[in-house]
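J.: Before we start, here is the structure in question, set down as structure tokens.
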Amino acid sequence: MLHDALLIIRKDLKIEFRSKVTTNQVAPMAIVILILFAFALDTHQHKLILAAPGLFWVAVLFSMSLAIHRSFSIETSSSTRDGLRLLGLDPGGIFLGKVIVLTIEMFVLEIILGFGIVVLYSATLHNYFLLISITILSTLGLAAAGTIFGSLASSFKTKDTLLPLLFLPISAPVLLSATKAFQTELGTVIGSSHPWIRILGVFAVVYLTVGVLAFGPLLEEQ
Amino acid sequence: MENVITLQSVVALSGSYPILSGVDLEVARGEIIFLQGSNGTGKTSLLRAIGGLVSISSGTIYILGQDLLKNKRVLRQKMGFLSHSDFLYEDLTIEENMRFYLKASGAGLDHIDQALDHMGLSGRLSKVLTSRLSVGQRRRAAIATLIARQCEIWLLDEPHAGLDADARDLLDSLITQASSQGVTIILSSHEANRAVELSTRVITMAGGHIVASHLSTSDEILIPKSTKSDSTNVA
Amino acid sequence: MKPKKSPVIRVIGFLALIFIGATLVLGLKITPPDAIQGQMVRIIYIHPPLAWVAFLAYGTTAIASGLYLWKRTRARIWDQLSGASAEVGVVFTGLTLVTGSIWGRPTWGVWWTWDPLLTATALLFVLYLGYLALRKLPGDINQRSKRSAIAALIAFIDVPIVQMSVLWWHSLHQKPTVFNPGQPAQIHGIMADTLLIGFIAFTLVWLWLLFTRLGVIKLEEKIELYGLEVALRERRGEVNKDLVETSQDSHSKTSLSTSSKQGPDSQVLVQK
């Protein structure tokens, strides 16, 4: 399983490195979202600082659904999905590979967004270690759930509209918990981020497990 | 001799439309089967069903003595599939594509250079991104991957399409060579003359199932009979 | 063909009508208005039962999906049941939200408040709408069932996570719980009886809807299967038409192929 996962990771990262879709298209769009939010909140400095954690994660969520799309459009452009199925790769390995690539891509994007909220919303970051842990944990959970639904949706003509319908409600707990954890760490709300980190951990573990188990039957879909 | 491929009353559906309507087929090792029939008779679907790409709603498929549905992963590694689309990643070079497919299918990397050379893709071409190649070159790359994988079964859907005359000759010689080494091949083609010449047996499909099967040496070839025929003859 | 309706379903339907009638009479006429909430209290006889049925329905969907995915118990009925139950569940979730909102407007002065239960219920509503959308998509019947079952289980696993996060979210917000349908604690006597009757009534309604919908699904699948048989016959019947075409252009092929019959052998020789 790990061998197959590594193969997929290497291949997808190479493709991403060449095509630069995430960095050249998804990341700028995420920044645009941050700017639009500022307009919606009337560029009120105080409101922006308070809203920064939530807006950060909403931007992540929307960018994520684009990145999931990209992850599966690599496989449908010349029916390489069929090619993948024909290889007899371990479905769990394909799943893990896709999740890890998505997590890496999104992490790069989240760093950019992090700069975005510091510059645009005057958010102050400290305790980098915890912030990064929260980010990685949330992203892993989102990537797992997203990859499950991405593969579920990618076999249909209506995949563009189906994916957000399935993915966004499922990821509500992550949005909520990650926002809360960020609020406490960014100092906009007083409290502990630990319960939130626990939820994020549960979410990630649950969806990674479900994905490894369910990806076989999902991949066999036409 | 044991059958490499055995299908029994295979029915496959696309939505509620039966793309395969009860296929019975037995193929022995080293046979070269030419599937013929007009468009929409189920040739591609049959090849895809054998490759495990179409899920069947009834009937059984045995490959190398094993149930395809139960041993999909193992059996797929022994089958090479050439289809209308070439399964190549646009942002990888030919060589990278081949390396990925070979590693992923558990085949060794030993035959890459030889296969590239054989298909006239060695040197500079192998380092060019797939998206910059012509259709014919991409087809050649797909064929090179097929050879390098050293599969036991080749499923070729319109392998002649998009190739120039030289490449077609090259492909045909590869097919006969592979067959002599014990590879079992099923192909569909609109190049009927070429394909009949190449094959050991011609199978005619209509309405989603097989209506006739003849040895290529038979004079009756291509004149369809009513139902199932002497498909076991060759075996 | 007229569908047979089992007597059990008829009895359930009849009982459901009686209990709904009883809930209406008791809830609207006989029970007194509440000291604080006044007439508004009457919605409590239907709102919690609606929510209860919604959760019952989703639970059924999850169990049936699990039974479908488990190879030993796999049967069409589980897929049909999970589909039917989820549909009823979505309707009841919708009704729960609507009744909650109707109650909330005069009580809180707003149509919507981010009460944890309300939020979780709303998320559940959207989640299962997605599930139903997925069920409607075309594909082979077995694959459709399998993918739906996986999605149903994923949605169900999400429920406790949603609950947990929303509850903590709420508790950290320090908002008072104004309306808690889980604890109709101040209710007693005739009011408690009415609420109990309401629960029974809506459970019966759920059962009736579930079995009726199940019957319709079964009929739909029967029609699909019948259509399949016809399609299969037609498909096999295409032979004659195809054969005429094939044999027409095959004559030319025949002559060509026989003339070059030595081809493959000579090529093999060349190869060697």
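FYI, nothing fancy with the structure tokens labels: chains A, B, ... in order, residues from 1 per chain, ligands from 1 as they appear.
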Which chain A residues are at most 10 Å from chain B (counting only C-alpha atoms), as a PyMOL selection string?
T.: chain A and resi 3-5+7-8+10-12+14-19+74-91+220-222
J.: Write out as a list in words the set of residues from range 30-60 of chain C that DSSP, computed on the backbone, places in helix (DSSP H, G or I).
T.: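 Listing helix (DSSP H, G or I) positions across range 30-60 of chain C yields Ile30, Gln39, Met40, Val41, Arg42, Ile43, Ile44, Tyr45, His47, Pro48, Pro49, Leu50, Ala51, Trp52, Val53, Ala54, Phe55, Leu56, Ala57, Tyr58, Gly59 and Thr60 of chain C.
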J.: Write the selection just made, keeping C-alpha atoms, as an mmCIF file, in the first residue's frame?
T.:
data_model
loop_
_atom_site.group_PDB
_atom_site.id
_atom_site.type_symbol
_atom_site.label_atom_id
_atom_site.label_comp_id
_atom_site.auth_asym_id
_atom_site.auth_seq_id
_atom_site.Cartn_x
_atom_site.Cartn_y
_atom_site.Cartn_z
ATOM 1 C CA ILE C 30 -57.826 19.885 25.428
ATOM 2 C CA GLN C 39 -50.405 29.088 22.894
ATOM 3 C CA MET C 40 -46.905 28.706 21.504
ATOM 4 C CA VAL C 41 -46.366 25.683 23.708
ATOM 5 C CA ARG C 42 -48.631 23.639 21.455
ATOM 6 C CA ILE C 43 -45.911 23.223 18.858
ATOM 7 C CA ILE C 44 -44.068 21.071 21.337
ATOM 8 C CA TYR C 45 -46.522 18.265 20.616
ATOM 9 C CA HIS C 47 -41.777 19.468 16.909
ATOM 10 C CA PRO C 48 -39.887 16.927 19.056
ATOM 11 C CA PRO C 49 -41.735 13.965 17.500
ATOM 12 C CA LEU C 50 -40.762 15.241 14.025
ATOM 13 C CA ALA C 51 -37.116 15.494 15.036
ATOM 14 C CA TRP C 52 -37.272 12.065 16.646
ATOM 15 C CA VAL C 53 -38.607 10.528 13.426
ATOM 16 C CA ALA C 54 -35.887 12.237 11.392
ATOM 17 C CA PHE C 55 -33.158 10.684 13.537
ATOM 18 C CA LEU C 56 -34.980 7.343 13.503
ATOM 19 C CA ALA C 57 -35.068 7.500 9.715
ATOM 20 C CA TYR C 58 -31.350 8.330 9.392
ATOM 21 C CA GLY C 59 -30.500 5.576 11.840
ATOM 22 C CA THR C 60 -32.470 3.140 9.715
#
J.: For a test of reading the model, state the distance in Å between CA of Leu167 in chain C and CA of Ile132 in chain A, rounded to one decimal.
T.: 25.2 Å
J.: Which of range 162-194 of chain B counts as strand (DSSP E) under DSSP, as a ChimeraX atom specification please?
T.: /B:184-188
J.: Write out as an MDAnalysis selection string the residues lying within 7 Å of range 208-213 of chain C, counting only C-alpha atoms and excluding same-chain residues fewer than 6 positions away.
T.: chainID C and resid 9 12:13 84:85 88
J.: Select residues of chain B: the criterion is any atom within 9 Å of an atom of chain C, counting only C-alpha atoms; output as a PyMOL selection string.
T.: chain B and resi 11-22+36-38+41+55+57+172-174+176-177+180+192-194+196-200+204-209+211+216-224
J.: What is the distance between CA of Gly136 in chain B and CA of Ile9 in chain A, in Å to one decimal?
T.: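 Pair CA of Gly136 in chain B / CA of Ile9 in chain A returns 29.1 Å.
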J.: Can you check which residues of chain A have any atom within 6 Å of chain C? Use only C-alpha atoms and format it as a PyMOL selection string.
T.: chain A and resi 165-166+169+173
J.: Residues of the last selection are to be written out with N, CA and C atoms, as a PDB file, in the first residue's frame.
T.:
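Listed below is the output, result_11.pdb:
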ATOM      1  N   LEU A 165     -21.572  20.011  -3.202  1.00  0.00           N
ATOM      2  CA  LEU A 165     -22.779  19.626  -2.453  1.00  0.00           C
ATOM      3  C   LEU A 165     -22.459  18.537  -1.430  1.00  0.00           C
ATOM      4  N   LEU A 166     -21.595  17.601  -1.827  1.00  0.00           N
ATOM      5  CA  LEU A 166     -21.256  16.518  -0.911  1.00  0.00           C
ATOM      6  C   LEU A 166     -20.162  16.929   0.066  1.00  0.00           C
ATOM      7  N   PRO A 169     -20.852  20.267   3.180  1.00  0.00           N
ATOM      8  CA  PRO A 169     -21.525  19.975   4.466  1.00  0.00           C
ATOM      9  C   PRO A 169     -20.728  19.015   5.349  1.00  0.00           C
ATOM     10  N   PRO A 173     -17.745  20.426  10.360  1.00  0.00           N
ATOM     11  CA  PRO A 173     -17.073  20.323  11.671  1.00  0.00           C
ATOM     12  C   PRO A 173     -15.623  20.794  11.629  1.00  0.00           C
TER      13      PRO A 173
END
J.: Which residues come within 12 Å of Pro28 in chain A, counting only C-alpha atoms, excluding same-chain residues fewer than 2 positions away, as a ChimeraX atom specification?
T.: /A:20-26,30-35,59,63,109-110,112-113,116
J.: Just want the 10 Å neighbourhood of His190 in chain B, counted on only C-alpha atoms, with same-chain residues fewer than 5 positions away dropped. Output as a list in words.
T.: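 Residues near the query, excluding close chain neighbours: Leu35, Gln36, Gly37, Ser38, Asn39, Glu158, Pro159, His160, Ala161 and Ala195 of chain B.
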J.: Would you write out those residues with N, CA and C atoms, as a JSON list (two decimals), in the first residue's frame?
T.:
[["chain", "number", "residue", "atom", "x", "y", "z"],
["B", 35, "LEU", "N", -11.72, -9.31, -33.35],
["B", 35, "LEU", "CA", -13.14, -9.05, -33.12],
["B", 35, "LEU", "C", -13.63, -8.16, -34.24],
["B", 36, "GLN", "N", -14.64, -8.63, -34.96],
["B", 36, "GLN", "CA", -15.19, -7.75, -35.98],
["B", 36, "GLN", "C", -16.68, -7.58, -35.80],
["B", 37, "GLY", "N", -17.19, -6.56, -36.44],
["B", 37, "GLY", "CA", -18.60, -6.22, -36.28],
["B", 37, "GLY", "C", -18.74, -4.73, -36.50],
["B", 38, "SER", "N", -19.94, -4.29, -36.84],
["B", 38, "SER", "CA", -20.08, -2.85, -37.11],
["B", 38, "SER", "C", -20.05, -2.08, -35.81],
["B", 39, "ASN", "N", -20.12, -0.77, -35.91],
["B", 39, "ASN", "CA", -20.07, 0.08, -34.71],
["B", 39, "ASN", "C", -21.22, -0.26, -33.77],
["B", 158, "GLU", "N", -8.81, -1.17, -31.36],
["B", 158, "GLU", "CA", -8.42, -0.35, -32.52],
["B", 158, "GLU", "C", -6.94, 0.03, -32.47],
["B", 159, "PRO", "N", -6.07, -0.91, -32.39],
["B", 159, "PRO", "CA", -4.65, -0.54, -32.24],
["B", 159, "PRO", "C", -4.09, 0.14, -33.49],
["B", 160, "HIS", "N", -4.72, -0.09, -34.63],
["B", 160, "HIS", "CA", -4.17, 0.48, -35.87],
["B", 160, "HIS", "C", -4.54, 1.95, -36.05],
["B", 161, "ALA", "N", -5.56, 2.39, -35.31],
["B", 161, "ALA", "CA", -6.03, 3.76, -35.50],
["B", 161, "ALA", "C", -4.93, 4.76, -35.13],
["B", 195, "ALA", "N", -6.16, -7.17, -40.14],
["B", 195, "ALA", "CA", -6.47, -7.91, -38.92],
["B", 195, "ALA", "C", -6.72, -9.38, -39.20]]
J.: I'd like the neighbourhood of Ala115 in chain B as a PyMOL selection string, where a residue qualifies if any of its atoms comes within 6 Å (using only C-alpha atoms), though same-chain residues fewer than 3 positions away should be ignored.
T.: chain B and resi 111-112+118+144+148
J.: Kindly save the residues from that selection, with C-alpha atoms included, as a CSV table (one decimal), in the first residue's frame.
T.:
chain,number,residue,atom,x,y,z
B,111,HIS,CA,12.6,-3.3,-21.1
B,112,ILE,CA,12.0,0.5,-21.3
B,118,HIS,CA,11.6,-0.5,-31.0
B,144,ALA,CA,5.9,0.9,-26.1
B,148,ALA,CA,7.7,-3.2,-21.9
J.: Excluding Thr179 in chain A and any residue of its chain fewer than 4 positions from it, enumerate the residues within 6 Å of it, using only C-alpha atoms, and give them as a VMD selection string.
T.: chain A and resid 53 to 54 175
